[in-house]
>>> print(open('input.cif').read())   # mmCIF, C-alpha atoms
data_structure
#
loop_
_atom_site.label_atom_id
_atom_site.label_comp_id
_atom_site.auth_asym_id
_atom_site.auth_seq_id
_atom_site.Cartn_x
_atom_site.Cartn_y
_atom_site.Cartn_z
CA MET L 1 261.45 119.02 166.13
CA SER L 2 264.43 117.17 164.73
CA ASP L 3 266.54 118.53 161.88
CA THR L 4 264.38 116.61 159.42
CA GLU L 5 260.96 117.53 160.81
CA PHE L 6 259.13 120.59 159.51
CA ASP L 7 255.69 122.15 159.50
CA LEU L 8 255.84 122.54 155.72
CA ILE L 9 257.91 121.05 152.91
CA VAL L 10 257.84 122.79 149.53
CA LEU L 11 258.90 120.87 146.43
CA GLY L 12 260.17 123.49 144.01
CA GLY L 13 261.87 126.84 144.50
CA GLY L 14 260.13 128.78 141.75
CA SER L 15 258.00 131.86 142.28
CA GLY L 16 255.03 129.92 143.63
CA GLY L 17 257.05 127.64 145.88
CA LEU L 18 259.02 130.54 147.34
CA ALA L 19 255.84 132.54 147.90
CA ALA L 20 254.41 129.62 149.86
CA ALA L 21 257.59 129.25 151.90
CA PHE L 22 257.85 132.94 152.77
CA ARG L 23 254.18 133.30 153.72
CA ALA L 24 254.21 130.14 155.85
CA ALA L 25 257.34 131.31 157.63
CA GLU L 26 255.70 134.68 158.31
CA HIS L 27 252.95 132.73 160.08
CA GLY L 28 255.58 131.02 162.25
CA ALA L 29 255.90 127.72 160.40
CA ARG L 30 259.20 125.86 160.10
CA VAL L 31 259.74 125.41 156.39
CA ALA L 32 262.04 123.46 154.06
CA VAL L 33 262.29 124.17 150.32
CA LEU L 34 263.70 121.51 148.00
CA GLU L 35 265.16 123.01 144.83
CA PRO L 36 268.18 121.58 142.98
CA GLY L 37 268.57 124.48 140.55
CA GLU L 38 268.58 128.25 140.65
CA LEU L 39 265.92 129.89 142.77
CA GLY L 40 263.06 131.55 140.96
CA GLY L 41 262.09 128.74 138.61
CA THR L 42 261.08 129.33 135.01
CA CYS L 43 259.89 132.90 135.57
CA VAL L 44 263.17 134.29 136.85
CA ASN L 45 265.58 132.13 134.88
CA LEU L 46 263.94 131.14 131.59
CA GLY L 47 260.68 133.04 131.40
CA CYS L 48 259.08 136.30 132.49
CA VAL L 49 262.17 138.16 133.69
CA PRO L 50 264.70 137.48 130.90
CA LYS L 51 261.83 137.68 128.38
CA LYS L 52 260.89 141.16 129.61
CA ALA L 53 264.54 142.19 129.46
CA MET L 54 264.72 141.16 125.81
CA TRP L 55 261.39 142.87 125.14
CA LEU L 56 262.78 146.08 126.61
CA ALA L 57 265.83 145.81 124.37
CA ALA L 58 263.57 145.37 121.36
CA GLU L 59 261.42 148.30 122.51
CA LEU L 60 264.51 150.50 122.73
CA ALA L 61 265.56 149.45 119.22
CA GLN L 62 262.16 150.44 117.87
CA ARG L 63 262.19 153.78 119.70
CA ILE L 64 265.68 154.62 118.41
CA GLU L 65 264.55 153.81 114.88
CA MET L 66 261.51 156.06 115.33
CA GLY L 67 263.82 158.79 116.59
CA CYS L 68 265.82 158.52 113.36
CA ARG L 69 262.64 159.14 111.38
CA MET L 70 261.71 162.13 113.48
CA GLY L 71 264.95 164.06 113.18
CA PHE L 72 267.23 162.76 115.93
CA ASN L 73 270.83 162.51 114.80
CA VAL L 74 271.30 158.85 115.74
CA SER L 75 272.31 155.83 113.66
CA GLN L 76 270.13 152.84 113.00
CA PRO L 77 270.14 150.61 116.14
CA LYS L 78 272.21 147.41 116.28
CA LEU L 79 272.21 145.56 119.57
CA ASP L 80 275.45 144.09 120.92
CA TRP L 81 273.55 141.03 122.09
CA ARG L 82 276.38 139.63 124.21
CA GLU L 83 276.78 142.86 126.13
CA PHE L 84 273.07 143.11 126.76
CA VAL L 85 272.97 139.51 128.03
CA VAL L 86 275.59 140.48 130.62
CA HIS L 87 273.24 143.18 131.93
CA ARG L 88 270.28 140.77 131.80
CA GLN L 89 272.06 138.07 133.76
CA ARG L 90 273.41 140.59 136.28
CA TYR L 91 269.84 141.62 136.98
CA ILE L 92 268.78 137.98 137.41
CA ALA L 93 271.74 137.31 139.73
CA GLY L 94 270.45 140.13 141.91
CA ILE L 95 267.10 138.38 142.18
CA HIS L 96 268.83 135.13 143.17
CA ASP L 97 270.76 136.98 145.87
CA SER L 98 267.59 138.61 147.15
CA TYR L 99 265.86 135.22 147.43
CA ARG L 100 268.78 133.70 149.33
CA LYS L 101 268.76 136.58 151.80
CA ARG L 102 265.02 136.29 152.30
CA LEU L 103 265.26 132.54 152.92
CA ASP L 104 267.88 133.19 155.58
CA SER L 105 265.95 136.04 157.20
CA HIS L 106 262.77 133.93 157.33
CA GLY L 107 264.58 130.89 158.71
CA VAL L 108 263.62 128.74 155.73
CA VAL L 109 265.85 125.71 155.14
CA ARG L 110 266.89 125.26 151.51
CA VAL L 111 267.76 121.73 150.43
CA PRO L 112 269.54 121.73 147.02
CA SER L 113 267.93 118.53 145.80
CA TYR L 114 264.93 117.07 144.05
CA GLY L 115 262.41 115.44 146.34
CA ARG L 116 259.87 112.66 145.98
CA LEU L 117 256.88 111.69 148.05
CA ILE L 118 257.28 108.38 149.86
CA GLY L 119 254.07 108.29 151.82
CA GLU L 120 251.88 110.43 154.01
CA GLY L 121 253.82 113.48 155.18
CA ARG L 122 257.21 112.17 154.05
CA VAL L 123 259.67 113.25 151.37
CA GLU L 124 262.98 111.73 150.29
CA THR L 125 265.80 113.70 148.68
CA GLN L 126 268.11 112.46 145.91
CA ASP L 127 270.79 111.43 148.41
CA GLY L 128 268.37 109.50 150.60
CA LEU L 129 267.67 112.10 153.30
CA ARG L 130 264.13 111.73 154.59
CA LEU L 131 262.11 114.75 155.70
CA SER L 132 258.67 114.87 157.25
CA ALA L 133 255.94 117.47 157.60
CA PRO L 134 252.16 117.46 158.04
CA HIS L 135 251.87 119.81 155.06
CA ILE L 136 253.53 119.49 151.64
CA VAL L 137 253.23 121.88 148.70
CA ILE L 138 254.09 120.68 145.21
CA ALA L 139 255.28 123.60 143.09
CA THR L 140 257.55 121.95 140.53
CA GLY L 141 256.28 123.92 137.53
CA SER L 142 256.37 122.84 133.91
CA ARG L 143 258.72 122.61 130.96
CA PRO L 144 258.40 123.32 127.21
CA THR L 145 257.73 120.43 124.85
CA ARG L 146 258.38 119.59 121.20
CA PRO L 147 255.71 118.14 118.92
CA PRO L 148 255.92 114.40 118.14
CA VAL L 149 257.18 114.72 114.56
CA PRO L 150 260.32 113.35 112.91
CA GLY L 151 263.27 115.70 113.28
CA ALA L 152 261.73 117.72 116.11
CA GLU L 153 265.03 117.48 117.99
CA LEU L 154 266.51 119.83 115.35
CA GLY L 155 264.40 122.65 116.76
CA GLY L 156 264.78 124.46 120.06
CA VAL L 157 262.23 125.51 122.65
CA SER L 158 261.70 128.75 124.51
CA ASP L 159 264.46 127.88 126.99
CA ASP L 160 266.96 127.82 124.12
CA PHE L 161 266.09 131.37 123.09
CA PHE L 162 267.93 132.64 126.14
CA ASN L 163 271.15 130.97 125.00
CA LEU L 164 271.31 133.10 121.85
CA CYS L 165 274.17 135.57 121.54
CA ASP L 166 272.95 137.23 118.35
CA ALA L 167 269.84 137.52 116.23
CA PRO L 168 269.68 134.66 113.67
CA GLU L 169 268.96 135.89 110.16
CA ARG L 170 265.97 133.63 109.40
CA VAL L 171 263.80 132.19 112.18
CA ALA L 172 260.80 129.85 112.08
CA ILE L 173 258.57 129.66 115.14
CA VAL L 174 255.96 126.93 115.38
CA GLY L 175 253.03 127.95 117.57
CA GLY L 176 250.50 130.72 117.96
CA GLY L 177 250.22 131.32 121.70
CA TYR L 178 251.82 133.67 124.22
CA ILE L 179 255.36 132.42 123.84
CA ALA L 180 255.33 132.18 120.05
CA VAL L 181 254.04 135.74 119.65
CA GLU L 182 256.47 137.19 122.19
CA LEU L 183 259.51 135.47 120.70
CA ALA L 184 258.50 136.45 117.18
CA SER L 185 258.01 140.07 118.16
CA VAL L 186 261.35 140.35 119.99
CA LEU L 187 263.42 138.58 117.34
CA GLN L 188 261.92 140.60 114.49
CA ALA L 189 262.59 143.86 116.33
CA LEU L 190 266.20 142.85 117.02
CA GLY L 191 267.07 142.06 113.42
CA SER L 192 265.76 138.59 112.53
CA ARG L 193 263.22 137.83 109.82
CA VAL L 194 260.55 135.71 111.46
CA ASP L 195 257.88 133.38 110.13
CA LEU L 196 255.15 132.02 112.41
CA PHE L 197 253.68 128.60 111.62
CA VAL L 198 250.33 128.36 113.40
CA ARG L 199 248.20 125.22 113.54
CA GLY L 200 245.00 127.13 114.25
CA ALA L 201 243.15 129.80 112.32
CA ARG L 202 244.46 132.71 114.39
CA LEU L 203 246.91 133.80 117.04
CA LEU L 204 246.17 133.67 120.77
CA GLU L 205 242.98 131.63 120.72
CA SER L 206 242.28 132.39 124.39
CA PHE L 207 242.13 136.13 123.65
CA ASP L 208 239.39 138.17 122.05
CA ALA L 209 239.31 137.34 118.34
CA GLU L 210 239.11 140.96 117.21
CA LEU L 211 242.18 141.96 119.22
CA SER L 212 244.08 138.87 118.05
CA ALA L 213 243.40 139.81 114.44
CA ALA L 214 244.59 143.38 115.06
CA LEU L 215 247.77 142.05 116.68
CA ALA L 216 248.41 139.78 113.69
CA ASP L 217 248.05 142.79 111.41
CA ASN L 218 250.54 144.80 113.50
CA LEU L 219 252.99 141.91 113.33
CA ARG L 220 252.62 141.82 109.54
CA GLN L 221 253.35 145.53 109.40
CA VAL L 222 256.76 144.97 111.00
CA GLY L 223 257.59 141.99 108.81
CA VAL L 224 256.48 138.89 110.74
CA ARG L 225 254.82 136.50 108.32
CA GLY L 226 252.14 134.16 109.61
CA ARG L 227 251.06 130.86 108.07
CA PHE L 228 247.79 129.72 109.58
CA GLY L 229 246.20 126.29 109.43
CA TYR L 230 249.70 124.87 109.13
CA ARG L 231 250.22 121.21 110.07
CA LEU L 232 253.83 120.27 110.62
CA GLY L 233 254.81 116.82 109.40
CA ALA L 234 258.57 116.77 109.90
CA VAL L 235 261.73 118.82 110.27
CA GLU L 236 264.75 118.26 108.06
CA ALA L 237 268.35 119.42 108.43
CA ARG L 238 269.59 121.72 105.68
CA GLY L 239 273.24 122.73 106.01
CA GLN L 240 273.61 124.63 109.28
CA GLY L 241 269.85 125.14 109.49
CA VAL L 242 266.54 123.40 108.93
CA ARG L 243 263.45 123.36 106.76
CA LEU L 244 259.90 122.45 107.72
CA VAL L 245 257.86 119.82 105.90
CA ALA L 246 254.08 120.07 106.17
CA GLU L 247 251.83 117.04 106.42
CA ASP L 248 250.94 117.52 102.74
CA GLY L 249 254.63 117.30 101.80
CA THR L 250 255.13 121.01 101.11
CA CYS L 251 258.61 122.19 102.09
CA SER L 252 259.44 125.55 103.60
CA GLU L 253 262.46 127.69 102.83
CA HIS L 254 265.70 127.38 104.81
CA TYR L 255 265.81 128.71 108.38
CA ASP L 256 268.83 129.36 110.55
CA LEU L 257 266.84 128.69 113.71
CA LEU L 258 263.65 126.81 114.52
CA LEU L 259 261.87 127.33 117.83
CA PHE L 260 258.87 125.36 119.07
CA ALA L 261 256.27 127.12 121.21
CA THR L 262 253.71 124.34 121.16
CA GLY L 263 252.91 123.77 124.81
CA ARG L 264 254.30 122.81 128.19
CA GLN L 265 254.30 119.67 130.31
CA ALA L 266 253.81 119.56 134.08
CA ASN L 267 256.91 118.42 135.98
CA THR L 268 255.44 115.47 137.84
CA GLU L 269 257.69 112.59 136.77
CA GLY L 270 259.54 111.00 139.66
CA LEU L 271 257.55 112.87 142.33
CA GLY L 272 256.06 109.70 143.79
CA LEU L 273 252.48 110.86 143.31
CA GLU L 274 251.08 107.34 143.38
CA ALA L 275 252.89 106.49 146.61
CA ALA L 276 251.23 109.45 148.29
CA GLY L 277 247.83 109.01 146.65
CA VAL L 278 248.01 112.23 144.63
CA ALA L 279 245.87 112.12 141.50
CA ALA L 280 246.99 113.58 138.17
CA ASN L 281 245.03 114.02 134.95
CA GLU L 282 245.78 112.46 131.58
CA THR L 283 248.35 115.16 130.75
CA GLY L 284 250.27 114.60 133.98
CA ALA L 285 249.09 117.78 135.69
CA ILE L 286 248.09 117.43 139.35
CA GLU L 287 244.38 117.73 140.04
CA VAL L 288 243.41 120.28 142.70
CA ASP L 289 240.19 121.75 144.04
CA ASP L 290 239.40 125.45 144.52
CA TYR L 291 241.59 125.51 147.64
CA GLN L 292 244.65 123.91 145.96
CA ASN L 293 244.02 120.61 147.79
CA THR L 294 245.10 117.45 145.98
CA SER L 295 243.42 114.08 146.46
CA ALA L 296 245.83 113.36 149.35
CA SER L 297 245.27 114.96 152.75
CA GLY L 298 247.92 117.51 153.66
CA ILE L 299 249.36 117.70 150.15
CA TYR L 300 248.68 120.73 147.98
CA ALA L 301 249.75 121.87 144.50
CA ILE L 302 250.11 125.33 142.99
CA GLY L 303 251.21 126.91 139.75
CA ASP L 304 251.94 125.35 136.39
CA VAL L 305 252.13 121.82 137.79
CA THR L 306 248.34 121.96 138.22
CA GLY L 307 247.67 122.84 134.59
CA LYS L 308 245.50 125.79 135.63
CA VAL L 309 246.21 129.40 134.60
CA PRO L 310 249.97 129.24 133.82
CA LEU L 311 250.99 132.68 135.05
CA THR L 312 253.59 133.51 137.69
CA PRO L 313 251.41 136.02 139.59
CA VAL L 314 248.65 133.39 139.72
CA ALA L 315 250.99 130.86 141.33
CA ILE L 316 252.18 133.46 143.84
CA ALA L 317 248.66 134.59 144.70
CA ALA L 318 247.40 131.01 145.08
CA ALA L 319 250.39 130.13 147.29
CA ARG L 320 249.90 133.06 149.64
CA ARG L 321 246.20 132.37 150.08
CA LEU L 322 246.87 128.69 150.66
CA MET L 323 249.38 129.45 153.40
CA ASN L 324 247.00 131.98 154.95
CA ARG L 325 244.46 129.18 155.17
CA VAL L 326 246.80 126.45 156.41
CA PHE L 327 248.87 128.47 158.89
CA GLY L 328 247.12 131.84 159.20
CA GLY L 329 243.69 130.78 160.40
CA GLN L 330 241.89 132.14 157.31
CA ALA L 331 239.62 129.17 156.68
CA ASP L 332 238.07 130.50 153.48
CA ALA L 333 241.23 131.87 151.86
CA LYS L 334 241.50 130.85 148.22
CA LEU L 335 242.33 132.44 144.90
CA ASP L 336 239.51 133.75 142.75
CA TYR L 337 240.52 132.70 139.26
CA ARG L 338 238.08 135.07 137.57
CA ASP L 339 239.09 138.37 135.97
CA ILE L 340 242.83 137.67 136.03
CA PRO L 341 244.68 140.37 134.07
CA THR L 342 247.40 139.25 131.72
CA VAL L 343 249.62 140.76 129.02
CA VAL L 344 251.31 139.35 125.94
CA PHE L 345 254.52 141.29 125.51
CA ALA L 346 254.39 141.81 121.79
CA HIS L 347 255.21 145.14 120.13
CA PRO L 348 252.88 146.76 120.99
CA PRO L 349 251.64 144.69 123.96
CA LEU L 350 248.22 143.07 124.15
CA GLY L 351 246.46 142.86 127.51
CA ARG L 352 243.17 141.47 128.74
CA THR L 353 241.17 141.07 131.89
CA GLY L 354 237.77 139.45 132.22
CA LEU L 355 235.72 137.97 129.41
CA SER L 356 236.20 138.21 125.67
CA GLU L 357 233.21 139.22 123.58
CA GLU L 358 232.69 135.58 122.58
CA GLU L 359 232.84 134.36 126.19
CA ALA L 360 230.48 137.09 127.40
CA ARG L 361 227.86 136.22 124.78
CA LEU L 362 228.07 132.55 125.70
CA GLN L 363 227.72 133.24 129.44
CA HIS L 364 225.21 136.09 129.42
CA GLY L 365 223.35 135.71 126.13
CA GLN L 366 223.59 137.65 122.89
CA GLY L 367 221.16 140.41 123.87
CA ALA L 368 222.75 141.17 127.23
CA VAL L 369 226.16 142.11 125.82
CA SER L 370 227.24 145.58 124.69
CA VAL L 371 230.62 146.17 123.05
CA TYR L 372 232.54 149.43 122.69
CA ARG L 373 235.71 150.01 120.69
CA ALA L 374 238.37 152.62 120.13
CA SER L 375 240.73 152.21 117.18
CA PHE L 376 243.42 154.83 116.81
CA ARG L 377 247.05 155.53 116.05
CA PRO L 378 249.05 156.54 119.17
CA MET L 379 250.64 159.96 119.02
CA LEU L 380 254.22 158.70 118.77
CA ASP L 381 253.34 156.39 115.89
CA ALA L 382 251.49 159.21 114.17
CA LEU L 383 254.45 161.56 114.58
CA ALA L 384 256.85 158.93 113.23
CA ASP L 385 254.31 157.98 110.54
CA THR L 386 254.39 154.26 111.34
CA PRO L 387 251.44 152.00 110.40
CA MET L 388 250.97 150.58 113.91
CA ARG L 389 247.49 150.97 115.37
CA SER L 390 245.94 150.50 118.80
CA LEU L 391 242.61 148.82 119.46
CA PHE L 392 240.82 149.03 122.82
CA LYS L 393 237.62 147.13 123.55
CA LEU L 394 235.12 147.12 126.42
CA VAL L 395 232.68 144.25 126.92
CA CYS L 396 229.67 145.12 129.11
CA VAL L 397 226.60 143.18 130.25
CA GLY L 398 223.13 144.08 131.55
CA GLU L 399 221.15 147.26 131.70
CA ASP L 400 223.74 148.90 133.96
CA LYS L 401 226.47 147.96 131.45
CA ARG L 402 228.76 146.39 134.02
CA VAL L 403 232.21 145.95 132.50
CA VAL L 404 233.08 142.25 132.33
CA GLY L 405 235.98 142.48 129.89
CA LEU L 406 238.66 144.95 128.89
CA HIS L 407 241.04 144.27 126.02
CA LEU L 408 243.90 146.60 125.15
CA LEU L 409 246.26 146.40 122.18
CA GLY L 410 248.69 149.26 121.98
CA GLU L 411 251.49 151.26 123.50
CA GLY L 412 251.35 151.29 127.31
CA SER L 413 248.70 148.57 127.56
CA ASP L 414 250.92 146.56 129.90
CA GLU L 415 251.05 149.41 132.42
CA MET L 416 247.52 150.83 132.20
CA LEU L 417 245.71 147.48 132.47
CA GLN L 418 246.54 146.91 136.14
CA GLY L 419 244.50 149.84 137.45
CA PHE L 420 241.50 149.08 135.27
CA ALA L 421 241.70 145.44 136.40
CA VAL L 422 241.06 146.59 139.97
CA ALA L 423 238.02 148.57 138.86
CA ILE L 424 236.60 145.64 136.90
CA LYS L 425 237.15 143.33 139.87
CA ARG L 426 235.09 145.78 141.95
CA GLY L 427 232.22 145.88 139.44
CA VAL L 428 232.83 149.10 137.50
CA THR L 429 230.15 150.12 134.99
CA LEU L 430 230.34 152.04 131.74
CA ASP L 431 228.78 155.07 133.49
CA ASP L 432 231.55 154.92 136.11
CA LEU L 433 234.12 155.15 133.35
CA HIS L 434 232.28 158.02 131.71
CA ASP L 435 232.17 159.85 135.05
CA THR L 436 235.97 159.73 135.20
CA VAL L 437 237.84 162.70 133.74
CA ALA L 438 240.19 161.68 130.94
CA ILE L 439 243.95 162.27 130.99
CA HIS L 440 244.75 164.06 127.75
CA PRO L 441 246.59 163.47 125.52
CA SER L 442 247.12 159.79 126.33
CA SER L 443 246.13 156.39 125.05
CA ALA L 444 244.59 155.52 128.42
CA GLU L 445 241.92 158.20 128.03
CA GLU L 446 240.31 156.11 125.30
CA VAL L 447 239.13 153.62 127.94
CA VAL L 448 236.96 156.22 129.68
CA LEU L 449 235.76 157.87 126.46
CA MET L 450 234.41 154.83 124.59
CA ARG L 451 230.72 155.10 123.64
#
>>> encode(input="input.cif", output="structure tokens")
Amino acid sequence: MSDTEFDLIVLGGGSGGLAAAFRAAEHGARVAVLEPGELGGTCVNLGCVPKKAMWLAAELAQRIEMGCRMGFNVSQPKLDWREFVVHRQRYIAGIHDSYRKRLDSHGVVRVPSYGRLIGEGRVETQDGLRLSAPHIVIATGSRPTRPPVPGAELGGVSDDFFNLCDAPERVAIVGGGYIAVELASVLQALGSRVDLFVRGARLLESFDAELSAALADNLRQVGVRGRFGYRLGAVEARGQGVRLVAEDGTCSEHYDLLLFATGRQANTEGLGLEAAGVAANETGAIEVDDYQNTSASGIYAIGDVTGKVPLTPVAIAAARRLMNRVFGGQADAKLDYRDIPTVVFAHPPLGRTGLSEEEARLQHGQGAVSVYRASFRPMLDALADTPMRSLFKLVCVGEDKRVVGLHLLGEGSDEMLQGFAVAIKRGVTLDDLHDTVAIHPSSAEEVVLMR
């Protein structure tokens, strides 16, 4: 091989692209990764990792406040945001360093440039260098978008949240999905007063409706106000802040910060998809089959750029299976997109795996579905006399009551869901859960005690 010939070229050095590069290299492939920015993509730099860091800071603030109520001689918490950001970015820098070391140890060539497809098996960098490989993985991710309304440029997006150095006093967030809920929860816990403007009738429309309603109630208890069925018409500047104007002309109060969490757009512009014969849908996302194949032979796509489940672990899992198939001789390797566990890092967190009650009834019929619930106040909240409540829900089907959905809202949901997700993937039934001895006292015991 020449210096520009590889077995695999990866466009994008995010979590999915790096996972593909590392797994291919482990199978003996010669790999090049094209990434002009920091390694790790959205997840490490502007998503999961810094978001979880801010969530942990907010969690600590809430725990300290609860300690005050329960007799600990501590003052009300006030985060030195700038100092915490130093710790957050130090942690992220460690991840960058780890990636660079792994690339070196695996013999993966990193090219600090964007790349575009220029034909079958060929890629051109920004400075005109041409690389070739029989296999190309597109893993360029996605970016947040603003709605097409006048004045939208006055608002920020989720990326801009990580540039904050203090909690703004009044914050408006437009959106009702993952990102909107997480940002609202963190900002409210760290001292802002947050209003959510939601176009739909409820939060988190892809989650179980009952759990979404319980989450909305918990958010109200801590001061987050939600306006549902809201249709934004425009944004206007007001002093150093903004106000929102609805389609009916109604004006909101003044906000110091506006953040949009209204969707993301696949990063496919300038990739040369047409030149390589790679089909994209009407939103710009690359179309793939169950094996991550695009419409062009030897070109694959993974992660957010495909418009499928936009979760970092999904991109990583799909990438590893793809490389096992392409370079590892595992002809049938592919990701099973069913029963994927996921968590919304609100306070408290909301997690799900499998089907919601609504989805189960649609797929299996009304009479085949059994639902079990546990609503309770966790011990710490009861001791501190806070109004926060947990709601756990099991969705079962058939005479054997096979569990097809588990939904957890409450303290520790983010940690306990993973183990139950394995059990559900393996076909656990309600009797299996009942046969398991509970851990007492804990919130997790409610999952095996529901009847």
>>> resolve_selection(input="input.cif", expression="the PyMOL selection byres ((chain L and resi 166-168) around 8)", output="list in words")
Asp80, Trp81, Arg82, Leu164, Cys165, Glu169, Arg170, Val171, Leu187, Leu190, Gly191, Ser192, Asp256 and Leu257 of chain L
>>> atom_distance(input="input.cif", atom1="CA of Pro147 in chain L", atom2="CA of Gly12 in chain L")
26.0 Å
>>> closest_residue(input="input.cif", among="L:Ala261, L:Leu409, L:Val222, L:Val137", to="Gly13 in chain L", atoms="all atoms listed in the file")
L:Val137
>>> resolve_selection(input="input.cif", expression="the PyMOL selection byres ((chain L and resi 239) around 12)", output="list in words")
Leu154, Glu236, Ala237, Arg238, Gln240, Gly241, Val242, Arg243, His254, Tyr255, Asp256 and Leu257 of chain L
>>> atom_distance(input="input.cif", atom1="CA of Glu411 in chain L", atom2="CA of His347 in chain L")
7.9 Å
>>> closest_residue(input="input.cif", among="L:Tyr372, L:Tyr300, L:Phe84, L:Phe420", to="Phe162 in chain L", atoms="all atoms listed in the file")
L:Phe84
>>> closest_residue(input="input.cif", among="L:Ile138, L:Asp3, L:Glu274, L:Val186", to="Gln62 in chain L", atoms="only C-alpha atoms")
L:Val186
>>> resolve_selection(input="input.cif", expression="the PyMOL selection byres ((chain L and resi 110-126) around 9)", output="PyMOL selection string")
chain L and resi 9+11-13+31-37+100+103-104+108-109+127-136+270-277+296-299
